[in-house]
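Visitor: Dropping in target-v2.txt, with compact mmCIF, C-alpha atoms.
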# COMPACT_ATOMS: atom_id res chain seq x y z
CA MET A 1244 -91.72 -18.41 50.37
CA MET A 1245 -93.36 -21.79 50.90
CA SER A 1246 -91.10 -23.47 48.37
CA VAL A 1247 -88.16 -22.92 50.73
CA PHE A 1248 -89.72 -25.37 53.13
CA ASN A 1249 -90.02 -28.81 51.70
CA ALA A 1250 -92.59 -30.64 53.80
CA ARG A 1251 -90.92 -33.99 53.16
CA THR A 1252 -87.48 -33.00 54.45
CA GLN A 1253 -88.42 -30.53 57.20
CA PRO A 1254 -89.83 -31.58 60.56
CA ARG A 1255 -93.54 -30.90 60.67
CA GLY A 1256 -93.16 -28.31 63.45
CA VAL A 1257 -90.96 -26.12 61.27
CA ALA A 1258 -93.48 -26.13 58.45
CA ILE A 1259 -96.32 -25.25 60.83
CA GLY A 1260 -94.18 -22.53 62.39
CA ALA A 1261 -93.56 -21.07 58.94
CA LEU A 1262 -97.27 -21.15 58.18
CA LEU A 1263 -98.04 -19.36 61.45
CA ALA A 1264 -95.40 -16.73 60.72
CA CYS A 1265 -96.90 -16.19 57.26
CA GLY A 1266 -100.37 -15.84 58.73
CA LEU A 1267 -99.12 -13.35 61.31
CA ALA A 1268 -97.29 -11.28 58.70
CA VAL A 1269 -100.38 -11.16 56.48
CA GLY A 1270 -102.49 -10.23 59.51
CA ILE A 1271 -100.24 -7.33 60.42
CA ALA A 1272 -100.04 -6.06 56.85
CA GLY A 1273 -103.81 -6.36 56.53
CA CYS A 1274 -104.40 -4.45 59.76
CA SER A 1275 -102.13 -1.56 58.92
CA ALA A 1276 -103.43 -1.21 55.37
CA SER A 1277 -107.17 -1.37 55.88
CA PRO A 1278 -108.08 1.54 58.19
CA ASP A 1279 -105.69 4.06 56.68
CA THR A 1280 -105.66 4.12 52.89
CA SER A 1281 -102.95 6.81 52.78
CA ASN A 1282 -100.32 4.19 53.68
CA ARG A 1283 -101.33 2.09 50.73
CA THR A 1284 -101.40 5.14 48.44
CA SER A 1285 -97.87 6.27 49.22
CA ALA A 1286 -96.53 2.75 48.86
CA ALA A 1287 -98.35 2.31 45.55
CA GLU A 1288 -96.89 5.50 44.07
CA HIS A 1289 -93.52 3.88 43.62
CA ALA A 1290 -94.65 0.80 41.73
CA GLY A 1291 -98.03 2.05 40.55
CA PRO A 1292 -99.49 2.16 37.06
CA GLY A 1293 -99.34 5.22 34.84
CA GLY A 1294 -97.05 6.97 32.41
CA PRO A 1295 -97.03 9.13 29.32
CA PHE A 1296 -99.62 8.53 26.60
CA LYS A 1297 -101.01 10.33 23.58
CA LEU A 1298 -104.52 9.50 22.35
CA VAL A 1299 -107.50 11.28 20.79
CA ASP A 1300 -110.94 11.96 22.26
CA THR A 1301 -114.25 11.43 20.47
CA LYS A 1302 -114.00 14.88 18.88
CA GLY A 1303 -110.52 14.19 17.52
CA GLN A 1304 -108.71 16.37 20.07
CA THR A 1305 -105.37 15.08 21.33
CA VAL A 1306 -105.41 14.03 24.99
CA THR A 1307 -102.19 13.19 26.83
CA ASP A 1308 -101.08 12.54 30.40
CA GLN A 1309 -99.98 16.21 30.37
CA THR A 1310 -103.32 17.65 29.21
CA LEU A 1311 -105.11 15.73 31.98
CA LYS A 1312 -102.88 17.26 34.66
CA GLY A 1313 -104.47 19.80 36.99
CA LYS A 1314 -107.50 17.65 37.82
CA PRO A 1315 -107.60 14.18 39.36
CA TYR A 1316 -109.16 11.55 37.15
CA ALA A 1317 -110.81 8.14 37.25
CA ILE A 1318 -109.89 5.97 34.27
CA PHE A 1319 -111.48 2.77 32.99
CA PHE A 1320 -110.38 0.56 30.10
CA GLY A 1321 -113.10 -1.29 28.20
CA PHE A 1322 -114.76 -1.71 24.82
CA THR A 1323 -118.11 -0.62 23.47
CA ARG A 1324 -119.30 -4.14 22.57
CA CYS A 1325 -118.63 -5.38 26.12
CA PRO A 1326 -122.15 -6.25 27.23
CA ASP A 1327 -121.92 -6.32 31.00
CA VAL A 1328 -119.03 -4.96 33.03
CA CYS A 1329 -118.36 -1.92 30.81
CA PRO A 1330 -121.86 -0.40 30.81
CA THR A 1331 -122.36 -1.16 34.51
CA THR A 1332 -118.98 0.38 35.40
CA MET A 1333 -119.75 3.52 33.40
CA ALA A 1334 -123.20 3.69 35.04
CA ARG A 1335 -121.44 3.42 38.38
CA MET A 1336 -119.15 6.32 37.45
CA GLU A 1337 -122.19 8.31 36.32
CA LEU A 1338 -123.82 7.69 39.69
CA LEU A 1339 -120.70 8.61 41.70
CA TYR A 1340 -120.22 11.70 39.54
CA LYS A 1341 -123.76 12.85 40.35
CA LYS A 1342 -123.31 12.10 44.06
CA LEU A 1343 -120.21 14.29 44.13
CA GLY A 1344 -122.44 17.25 43.24
CA THR A 1345 -120.57 20.49 42.60
CA GLN A 1346 -117.24 18.80 43.38
CA ALA A 1347 -117.64 16.58 40.31
CA ALA A 1348 -116.47 19.31 37.94
CA LYS A 1349 -113.10 19.24 39.72
CA MET A 1350 -112.32 15.77 38.37
CA ASN A 1351 -112.37 13.95 35.03
CA VAL A 1352 -113.74 10.56 34.12
CA VAL A 1353 -111.86 8.84 31.30
CA PHE A 1354 -112.83 5.79 29.22
CA VAL A 1355 -110.13 4.19 27.04
CA SER A 1356 -111.23 1.71 24.38
CA VAL A 1357 -109.06 -1.41 24.25
CA ASP A 1358 -110.68 -2.40 20.94
CA PRO A 1359 -109.17 -0.12 18.25
CA GLU A 1360 -110.11 -2.76 15.65
CA HIS A 1361 -113.81 -2.07 16.14
CA ASP A 1362 -114.21 1.08 18.25
CA LYS A 1363 -113.92 4.21 16.19
CA ARG A 1364 -114.44 7.65 17.71
CA GLU A 1365 -118.14 7.53 16.73
CA ASP A 1366 -118.63 4.15 18.47
CA ILE A 1367 -117.09 5.46 21.68
CA ALA A 1368 -119.19 8.65 21.51
CA SER A 1369 -122.29 6.53 20.94
CA PHE A 1370 -121.47 4.24 23.88
CA LEU A 1371 -120.79 7.17 26.22
CA SER A 1372 -123.97 8.96 25.10
CA MET A 1373 -125.92 6.45 27.19
CA PHE A 1374 -124.49 7.88 30.41
CA ASP A 1375 -125.39 11.24 31.84
CA ALA A 1376 -121.89 12.34 32.85
CA PRO A 1377 -119.13 14.07 30.90
CA VAL A 1378 -116.73 11.22 30.12
CA ILE A 1379 -113.59 11.69 28.05
CA GLY A 1380 -113.61 8.79 25.59
CA LEU A 1381 -110.23 7.89 24.16
CA THR A 1382 -108.83 5.84 21.31
CA GLY A 1383 -105.71 6.08 19.21
CA ASP A 1384 -102.97 4.29 17.38
CA PRO A 1385 -103.11 0.57 18.32
CA ALA A 1386 -99.39 0.53 19.17
CA GLU A 1387 -99.81 3.57 21.41
CA LEU A 1388 -102.80 1.92 23.11
CA LYS A 1389 -100.70 -1.21 23.73
CA ARG A 1390 -97.94 0.91 25.31
CA MET A 1391 -100.46 2.64 27.53
CA GLU A 1392 -102.13 -0.63 28.59
CA LYS A 1393 -98.71 -1.91 29.59
CA SER A 1394 -97.68 1.16 31.57
CA PHE A 1395 -101.11 1.36 33.22
CA LYS A 1396 -100.85 -2.37 34.02
CA ILE A 1397 -104.06 -3.20 32.18
CA TYR A 1398 -104.39 -6.79 31.00
CA VAL A 1399 -105.89 -6.92 27.50
CA GLU A 1400 -106.24 -10.00 25.36
CA ARG A 1401 -108.18 -10.35 22.13
CA VAL A 1402 -109.87 -13.76 22.18
CA PRO A 1403 -111.32 -15.22 18.94
CA LEU A 1404 -114.78 -16.76 19.35
CA PRO A 1405 -116.07 -19.87 17.54
CA ASN A 1406 -118.65 -17.71 15.73
CA GLY A 1407 -115.84 -15.86 13.93
CA ASP A 1408 -116.10 -12.76 16.09
CA TYR A 1409 -113.86 -11.96 19.04
CA THR A 1410 -114.11 -10.75 22.60
CA ILE A 1411 -111.57 -8.94 24.73
CA ASP A 1412 -110.49 -10.12 28.17
CA HIS A 1413 -109.49 -7.05 30.12
CA THR A 1414 -108.81 -5.60 33.53
CA ALA A 1415 -112.08 -4.12 34.73
CA ARG A 1416 -110.87 -1.97 37.61
CA ILE A 1417 -111.20 1.79 37.82
CA LEU A 1418 -107.84 3.49 38.44
CA LEU A 1419 -107.61 6.82 40.22
CA PHE A 1420 -104.94 9.41 39.49
CA ASP A 1421 -104.28 12.62 41.40
CA ARG A 1422 -104.05 16.13 39.90
CA ASP A 1423 -100.32 15.62 39.21
CA GLY A 1424 -101.01 12.46 37.21
CA GLN A 1425 -99.70 10.18 39.95
CA PHE A 1426 -101.49 6.90 40.57
CA ALA A 1427 -103.53 7.15 43.77
CA ASP A 1428 -105.71 4.09 44.11
CA THR A 1429 -107.94 1.53 42.42
CA MET A 1430 -111.70 1.40 42.86
CA ASP A 1431 -113.64 -1.80 43.19
CA ALA A 1432 -117.10 -1.66 41.60
CA LYS A 1433 -118.53 -3.48 44.63
CA GLU A 1434 -117.33 -0.88 47.13
CA PRO A 1435 -120.26 0.75 48.99
CA GLU A 1436 -121.36 3.95 47.27
CA ASP A 1437 -120.75 6.33 50.17
CA GLN A 1438 -117.24 4.99 50.62
CA ALA A 1439 -116.50 5.42 46.91
CA VAL A 1440 -117.83 9.00 46.98
CA LYS A 1441 -115.61 9.77 50.00
CA ARG A 1442 -112.63 8.29 48.22
CA LEU A 1443 -113.22 10.51 45.17
CA SER A 1444 -113.88 13.50 47.39
CA ARG A 1445 -110.55 12.97 49.18
CA LEU A 1446 -108.81 12.79 45.82
CA ILE A 1447 -110.45 16.02 44.65
CA ASN A 1448 -109.60 17.88 47.86
CA ALA A 1449 -106.10 16.47 48.35
CA MET B 1336 -147.73 -33.33 42.34
CA THR B 1337 -145.19 -33.69 45.09
CA PRO B 1338 -145.15 -31.12 47.90
CA ARG B 1339 -141.65 -30.07 46.74
CA ILE B 1340 -142.85 -29.21 43.25
CA ALA B 1341 -145.89 -27.45 44.64
CA LEU B 1342 -143.62 -25.37 46.87
CA ALA B 1343 -141.36 -24.54 43.94
CA LEU B 1344 -144.37 -23.41 41.93
CA ILE B 1345 -145.68 -21.30 44.79
CA ALA B 1346 -142.21 -19.78 45.23
CA ALA B 1347 -142.06 -19.00 41.52
CA LEU B 1348 -145.48 -17.37 41.59
CA ALA B 1349 -144.89 -15.46 44.80
CA SER B 1350 -141.44 -14.10 43.96
CA PRO B 1351 -141.54 -10.31 43.61
CA LEU B 1352 -139.19 -10.54 40.62
CA SER B 1353 -141.55 -12.85 38.76
CA ALA B 1354 -143.70 -10.18 37.25
CA GLN B 1355 -143.37 -11.96 33.94
CA ILE B 1356 -143.24 -15.74 33.79
CA ALA B 1357 -143.20 -17.98 30.75
CA ARG B 1358 -143.97 -21.65 31.32
CA LYS B 1359 -143.52 -24.81 29.30
CA GLY B 1360 -143.73 -28.23 30.88
CA SER B 1361 -141.45 -28.25 33.91
CA ILE B 1362 -139.61 -25.06 32.92
CA THR B 1363 -140.45 -21.54 33.97
CA ALA B 1364 -138.52 -18.52 32.70
CA ALA B 1365 -139.02 -15.56 35.01
CA ASP B 1366 -138.43 -11.84 34.59
CA PRO B 1367 -136.43 -11.66 31.35
CA TRP B 1368 -134.69 -8.29 30.95
CA SER B 1369 -132.09 -6.59 28.86
CA ARG B 1370 -130.07 -3.37 28.92
CA ALA B 1371 -130.60 -0.53 26.51
CA THR B 1372 -127.84 -0.43 23.92
CA SER B 1373 -126.10 2.55 22.38
CA PRO B 1374 -127.23 3.85 18.96
CA ARG B 1375 -124.31 2.19 17.16
CA ALA B 1376 -124.11 -1.05 19.15
CA ASN B 1377 -124.94 -4.33 17.43
CA ILE B 1378 -124.89 -6.59 20.47
CA GLY B 1379 -126.92 -6.80 23.65
CA ALA B 1380 -127.21 -9.00 26.73
CA GLY B 1381 -130.31 -10.74 28.05
CA TYR B 1382 -130.97 -12.04 31.54
CA VAL B 1383 -133.59 -14.42 32.90
CA THR B 1384 -134.08 -16.84 35.78
CA VAL B 1385 -134.94 -20.37 34.67
CA ARG B 1386 -136.51 -22.85 37.08
CA ASN B 1387 -136.95 -26.55 36.53
CA THR B 1388 -139.65 -28.30 38.57
CA SER B 1389 -138.94 -31.69 37.00
CA THR B 1390 -137.09 -34.50 38.74
CA GLN B 1391 -134.88 -34.64 35.61
CA PRO B 1392 -132.28 -32.01 34.79
CA ASP B 1393 -132.92 -29.98 31.64
CA ARG B 1394 -130.61 -27.92 29.48
CA LEU B 1395 -130.94 -24.56 27.78
CA VAL B 1396 -129.34 -25.49 24.47
CA SER B 1397 -129.95 -22.48 22.25
CA ALA B 1398 -132.03 -19.39 21.70
CA THR B 1399 -133.31 -17.22 18.87
CA SER B 1400 -134.78 -13.75 18.55
CA PRO B 1401 -136.30 -12.01 15.53
CA ARG B 1402 -134.41 -8.92 16.68
CA ALA B 1403 -130.92 -10.45 16.40
CA ALA B 1404 -129.07 -12.25 13.62
CA LYS B 1405 -127.80 -14.76 16.15
CA VAL B 1406 -128.31 -15.59 19.82
CA GLU B 1407 -125.71 -17.35 21.97
CA ILE B 1408 -125.41 -18.44 25.59
CA HIS B 1409 -122.34 -16.93 27.25
CA THR B 1410 -120.70 -16.84 30.64
CA MET B 1411 -118.63 -14.10 32.21
CA SER B 1412 -116.13 -14.23 35.02
CA LEU B 1413 -114.25 -11.60 36.96
CA ASP B 1414 -111.05 -12.99 38.47
CA ASP B 1415 -108.45 -10.77 40.08
CA GLY B 1416 -110.01 -7.76 38.35
CA ILE B 1417 -109.88 -9.32 34.88
CA MET B 1418 -113.15 -9.74 32.99
CA ARG B 1419 -113.45 -12.74 30.67
CA MET B 1420 -116.41 -13.72 28.53
CA ARG B 1421 -116.84 -17.10 26.83
CA PRO B 1422 -119.60 -18.85 24.89
CA LEU B 1423 -121.14 -21.95 26.48
CA PRO B 1424 -121.24 -24.26 23.42
CA ASN B 1425 -123.19 -26.92 25.32
CA GLY B 1426 -125.61 -24.47 26.80
CA LEU B 1427 -126.58 -24.30 30.44
CA GLU B 1428 -127.88 -27.05 32.68
CA ILE B 1429 -131.00 -26.38 34.70
CA PRO B 1430 -130.76 -28.81 37.63
CA ALA B 1431 -133.69 -31.04 38.56
CA GLY B 1432 -135.90 -29.17 41.01
CA GLY B 1433 -133.51 -26.20 40.83
CA GLU B 1434 -132.80 -23.06 38.90
CA ALA B 1435 -130.19 -21.42 36.73
CA SER B 1436 -129.78 -17.72 36.91
CA LEU B 1437 -128.69 -15.73 33.88
CA ALA B 1438 -127.65 -12.52 35.59
CA PRO B 1439 -125.07 -9.71 35.39
CA GLY B 1440 -121.56 -10.88 36.21
CA GLY B 1441 -122.28 -14.45 35.14
CA ASN B 1442 -124.23 -16.39 32.53
CA HIS B 1443 -126.19 -14.40 29.99
CA ILE B 1444 -127.90 -14.53 26.61
CA MET B 1445 -125.99 -12.66 23.89
CA LEU B 1446 -128.05 -11.01 21.21
CA ILE B 1447 -125.63 -10.70 18.29
CA GLY B 1448 -126.22 -8.63 15.18
CA LEU B 1449 -129.04 -6.46 16.53
CA LYS B 1450 -131.31 -5.20 13.77
CA SER B 1451 -131.79 -1.96 15.75
CA PRO B 1452 -130.65 -0.70 19.18
CA LEU B 1453 -132.59 -1.84 22.25
CA LYS B 1454 -134.55 1.05 23.73
CA PRO B 1455 -135.76 1.36 27.34
CA GLY B 1456 -139.37 0.21 27.72
CA GLU B 1457 -139.25 -2.14 24.73
CA ARG B 1458 -139.92 -5.86 24.99
CA ILE B 1459 -137.64 -8.01 22.84
CA PRO B 1460 -139.18 -11.36 21.86
CA ALA B 1461 -136.99 -14.43 22.08
CA THR B 1462 -137.37 -18.19 22.16
CA LEU B 1463 -135.35 -20.31 24.58
CA ARG B 1464 -134.88 -23.90 23.45
CA PHE B 1465 -134.60 -26.56 26.16
CA ALA B 1466 -133.45 -30.13 25.54
CA ARG B 1467 -136.46 -31.65 27.32
CA ALA B 1468 -139.10 -28.94 27.73
CA GLY B 1469 -138.76 -27.62 24.17
CA ASP B 1470 -139.32 -24.00 23.19
CA VAL B 1471 -140.20 -21.33 25.75
CA ARG B 1472 -141.19 -17.92 24.41
CA ILE B 1473 -140.13 -14.92 26.43
CA ALA B 1474 -139.75 -11.16 25.95
CA PHE B 1475 -136.80 -9.28 27.42
CA LYS B 1476 -137.92 -6.04 29.06
CA VAL B 1477 -135.39 -3.34 28.17
CA VAL B 1478 -134.21 -1.17 31.05
CA GLY B 1479 -131.48 1.50 31.49
CA ALA B 1480 -128.04 0.99 29.96
CA GLY B 1481 -126.14 0.58 33.22
CA SER B 1482 -128.65 -1.56 35.09
CA THR B 1483 -127.50 -4.50 37.13
CA VAL B 1484 -131.00 -5.62 38.06
CA ALA B 1485 -134.25 -5.54 36.10
CA GLY B 1486 -136.01 -2.23 36.34
CA VAL B 1487 -133.63 -0.78 38.90
CA ARG B 1488 -130.77 1.44 37.86
CA GLN B 1489 -127.54 0.63 39.68
CA GLY B 1490 -127.48 2.43 43.00
CA GLY B 1491 -131.23 2.68 43.08
CA HIS B 1492 -131.80 5.96 41.26
CA GLN B 1493 -133.95 6.54 38.16
Rewrite the structure of this file - the entire thing - as C-alpha cells.
Guide:
Amino acid sequence: MMSVFNARTQPRGVAIGALLACGLAVGIAGCSASPDTSNRTSAAEHAGPGGPFKLVDTKGQTVTDQTLKGKPYAIFFGFTRCPDVCPTTMARMELLYKKLGTQAAKMNVVFVSVDPEHDKREDIASFLSMFDAPVIGLTGDPAELKRMEKSFKIYVERVPLPNGDYTIDHTARILLFDRDGQFADTMDAKEPEDQAVKRLSRLINA
Amino acid sequence: MTPRIALALIAALASPLSAQIARKGSITAADPWSRATSPRANIGAGYVTVRNTSTQPDRLVSATSPRAAKVEIHTMSLDDGIMRMRPLPNGLEIPAGGEASLAPGGNHIMLIGLKSPLKPGERIPATLRFARAGDVRIAFKVVGAGSTVAGVRQGGHQ
C-alpha cells in the first residue's frame, strides 16, 4: 500500500494523510477483532490451515484427518531433539489438559514430528512419555509430512550446523481444529493460562 | 573495591535465584539448571546466569561436561511464530559490570551426545571457559522436562 505513494513525488500532506488512514484502518480492525474471537475464527476458516493427511502414531496405527474427526484437537509440530520450545510447549499442553479436568477427554492433543530423518516412532513415544497427558504422536512418509506441513501452513527448514549435525527451524504455534476438522484458531504459548483454558473449553463445547 | 562492584556482589549474593553460585575472578555463574530429557534423547539444554564484576568485558568461549560428548553455546529466537536455533561460534560476551542470561527462549548451553538421559534431581557437572576469567566449574540442577524456570514447572504446579 505504501509503495503507491512515493514520498519524493507526492506532497507531504498526502503521504501523512495516507499514513493516518492506514493507522485508522488498523485501529478499527484491531478493535473489532480483539474482544470477539468468533469474528476472527469465521474469517480464518476460509483461508485457514488444514487438509487431508495420513500418518502413523507411535503404535503404528494410521491416523488421518478423518480419524481425528468427532473431537476438536490441538496440534503442534516439532521434533524430539528440539531442546527448548518443544518440551515447554508440550508441558504447556499437559498443564492446560489437566486444567480442563473432565472436559479434557473430549479433545485430542497431537504432536507431529517434522524430523522424519531422526524421529522414529520410538523416539516420539520416548519424548511424549515425559508429559503426563495422552498425546497422539505422529510421523510418516517424509513426502506426506511435507504435504501436511504445507497445507497446515507450518514453516519447516532443515538447517545444517557446523558440527555436522542439523537443526530444524519450524513454526512453533499450536493450531486448534474443531470437531469437524476445521481450523479454529492458533494458540500463543504466552497467553495467560485461564484464557487458554477458556479458549479450549469453548472449542470443546462449540 | 568500588561501591558499584560491591553492590553487584551483594545483589548476586542476595538474589533468591542464586542458591548455587560458582565464582572465579570477576565472574559468577548463578543457578545453573537443565531440563530432564527423554529416555532416548541424546541432547539437553543448560541455563545459567553469568555476571561480570570486572570493568573489562569477558566472553564465554566454550564449555565441556563429562556427561556430554560435546558442549556448544547456542541461541534461539522466536520470530513471527518461527523457532530458529543457531550456534554462537564466538561464544557470548559478558559485559563489563553486567550479566548475560542463558535462559529459555534465548541463549543456552547445548549438551550434545549425552552419555545417559538427564534425570530430575541430578546435578550435571560442567566447566564454562571464559576468555579472561578462565574456567568456572558449575553443576546444572536437573528439573522437570517442561520447565521454563529452574525448579518451577511451567504454570507453577509440581
Visitor: Between CA of Leu1298 in chain A and CA of Asp1421 in chain A, what is the distance, to one decimal in Å?
Guide: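 So the answer is 19.3 Å.
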Visitor: Do a neighbour search on Thr1399 in chain B at 9 Å with all atoms listed in the file, toss out local chain neighbours closer than 5 positions, and write the hits as a list in words.
Guide: Ala1404, Lys1405, Val1406, Glu1407, Leu1446, Pro1460, Ala1461, Thr1462, Leu1463 and Arg1464 of chain B
Visitor: Could you please tell me, as a list in words, which residues of chain A have an atom within 6 Å of chain B when using only C-alpha atoms?
Guide: Pro1326, Pro1330, Thr1331, Ala1334, Ser1369, Phe1370, Asp1412, His1413, Thr1414, Ala1415 and Arg1416 of chain A
Visitor: May I have the centre and edge lengths, in Å to one decimal, of an axis-aligned box around the listed atoms of range 1395-1399 of chain B with 5 Å added to every side, as JSON?
Guide:
{"center_x": -131.3, "center_y": -21.4, "center_z": 23.3, "size_x": 14.0, "size_y": 18.3, "size_z": 18.9}
Visitor: Would you work out the distance separating CA of Asp1470 in chain B from CA of Thr1410 in chain A, expressed in Å to one decimal?
Guide: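 Taking CA of Asp1470 in chain B as the start and CA of Thr1410 in chain A as the end point, the length is 28.5 Å.
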Visitor: Write out as a PyMOL selection string which residues come within 9 Å of Gly1433 in chain B when counting all atoms listed in the file, dropping same-chain ones fewer than 6 positions away.
Guide: chain B and resi 1343+1385-1389+1392
Visitor: Identify, on the basis of only C-alpha atoms, every residue whose closest approach to Asp1358 in chain A does not exceed 12 Å; exclude the query and any residue fewer than 4 positions from it along the same chain; express the result as a PDB file with C-alpha atoms, in the frame of the given file.
Guide:
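around.pdb was written with the following content:
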ATOM      1  CA  PHE A1320    -110.380   0.560  30.100  1.00  0.00           C
ATOM      2  CA  GLY A1321    -113.100  -1.290  28.200  1.00  0.00           C
ATOM      3  CA  PHE A1322    -114.760  -1.710  24.820  1.00  0.00           C
ATOM      4  CA  THR A1323    -118.110  -0.620  23.470  1.00  0.00           C
ATOM      5  CA  ARG A1324    -119.300  -4.140  22.570  1.00  0.00           C
ATOM      6  CA  CYS A1325    -118.630  -5.380  26.120  1.00  0.00           C
ATOM      7  CA  PHE A1354    -112.830   5.790  29.220  1.00  0.00           C
ATOM      8  CA  ASP A1362    -114.210   1.080  18.250  1.00  0.00           C
ATOM      9  CA  LYS A1363    -113.920   4.210  16.190  1.00  0.00           C
ATOM     10  CA  ARG A1364    -114.440   7.650  17.710  1.00  0.00           C
ATOM     11  CA  ASP A1366    -118.630   4.150  18.470  1.00  0.00           C
ATOM     12  CA  ILE A1367    -117.090   5.460  21.680  1.00  0.00           C
ATOM     13  CA  LEU A1381    -110.230   7.890  24.160  1.00  0.00           C
ATOM     14  CA  THR A1382    -108.830   5.840  21.310  1.00  0.00           C
ATOM     15  CA  GLY A1383    -105.710   6.080  19.210  1.00  0.00           C
ATOM     16  CA  ASP A1384    -102.970   4.290  17.380  1.00  0.00           C
ATOM     17  CA  PRO A1385    -103.110   0.570  18.320  1.00  0.00           C
ATOM     18  CA  ALA A1386     -99.390   0.530  19.170  1.00  0.00           C
ATOM     19  CA  LEU A1388    -102.800   1.920  23.110  1.00  0.00           C
ATOM     20  CA  LYS A1389    -100.700  -1.210  23.730  1.00  0.00           C
ATOM     21  CA  GLU A1392    -102.130  -0.630  28.590  1.00  0.00           C
ATOM     22  CA  VAL A1399    -105.890  -6.920  27.500  1.00  0.00           C
ATOM     23  CA  GLU A1400    -106.240 -10.000  25.360  1.00  0.00           C
ATOM     24  CA  ARG A1401    -108.180 -10.350  22.130  1.00  0.00           C
ATOM     25  CA  VAL A1402    -109.870 -13.760  22.180  1.00  0.00           C
ATOM     26  CA  TYR A1409    -113.860 -11.960  19.040  1.00  0.00           C
ATOM     27  CA  THR A1410    -114.110 -10.750  22.600  1.00  0.00           C
ATOM     28  CA  ILE A1411    -111.570  -8.940  24.730  1.00  0.00           C
ATOM     29  CA  ASP A1412    -110.490 -10.120  28.170  1.00  0.00           C
ATOM     30  CA  HIS A1413    -109.490  -7.050  30.120  1.00  0.00           C
TER      31      HIS A1413
END
Visitor: Quick one, how far is CA of Pro1292 in chain A from CA of Ala1439 in chain A?
Guide: 19.9 Å
Visitor: Using all atoms listed in the file, can you tell me which of B:Ser1400, B:Lys1476, B:Tyr1382, B:Ser1436 comes closest to Gly1456 in chain B?
Guide: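 The closest residue to Gly1456 in chain B is B:Lys1476.
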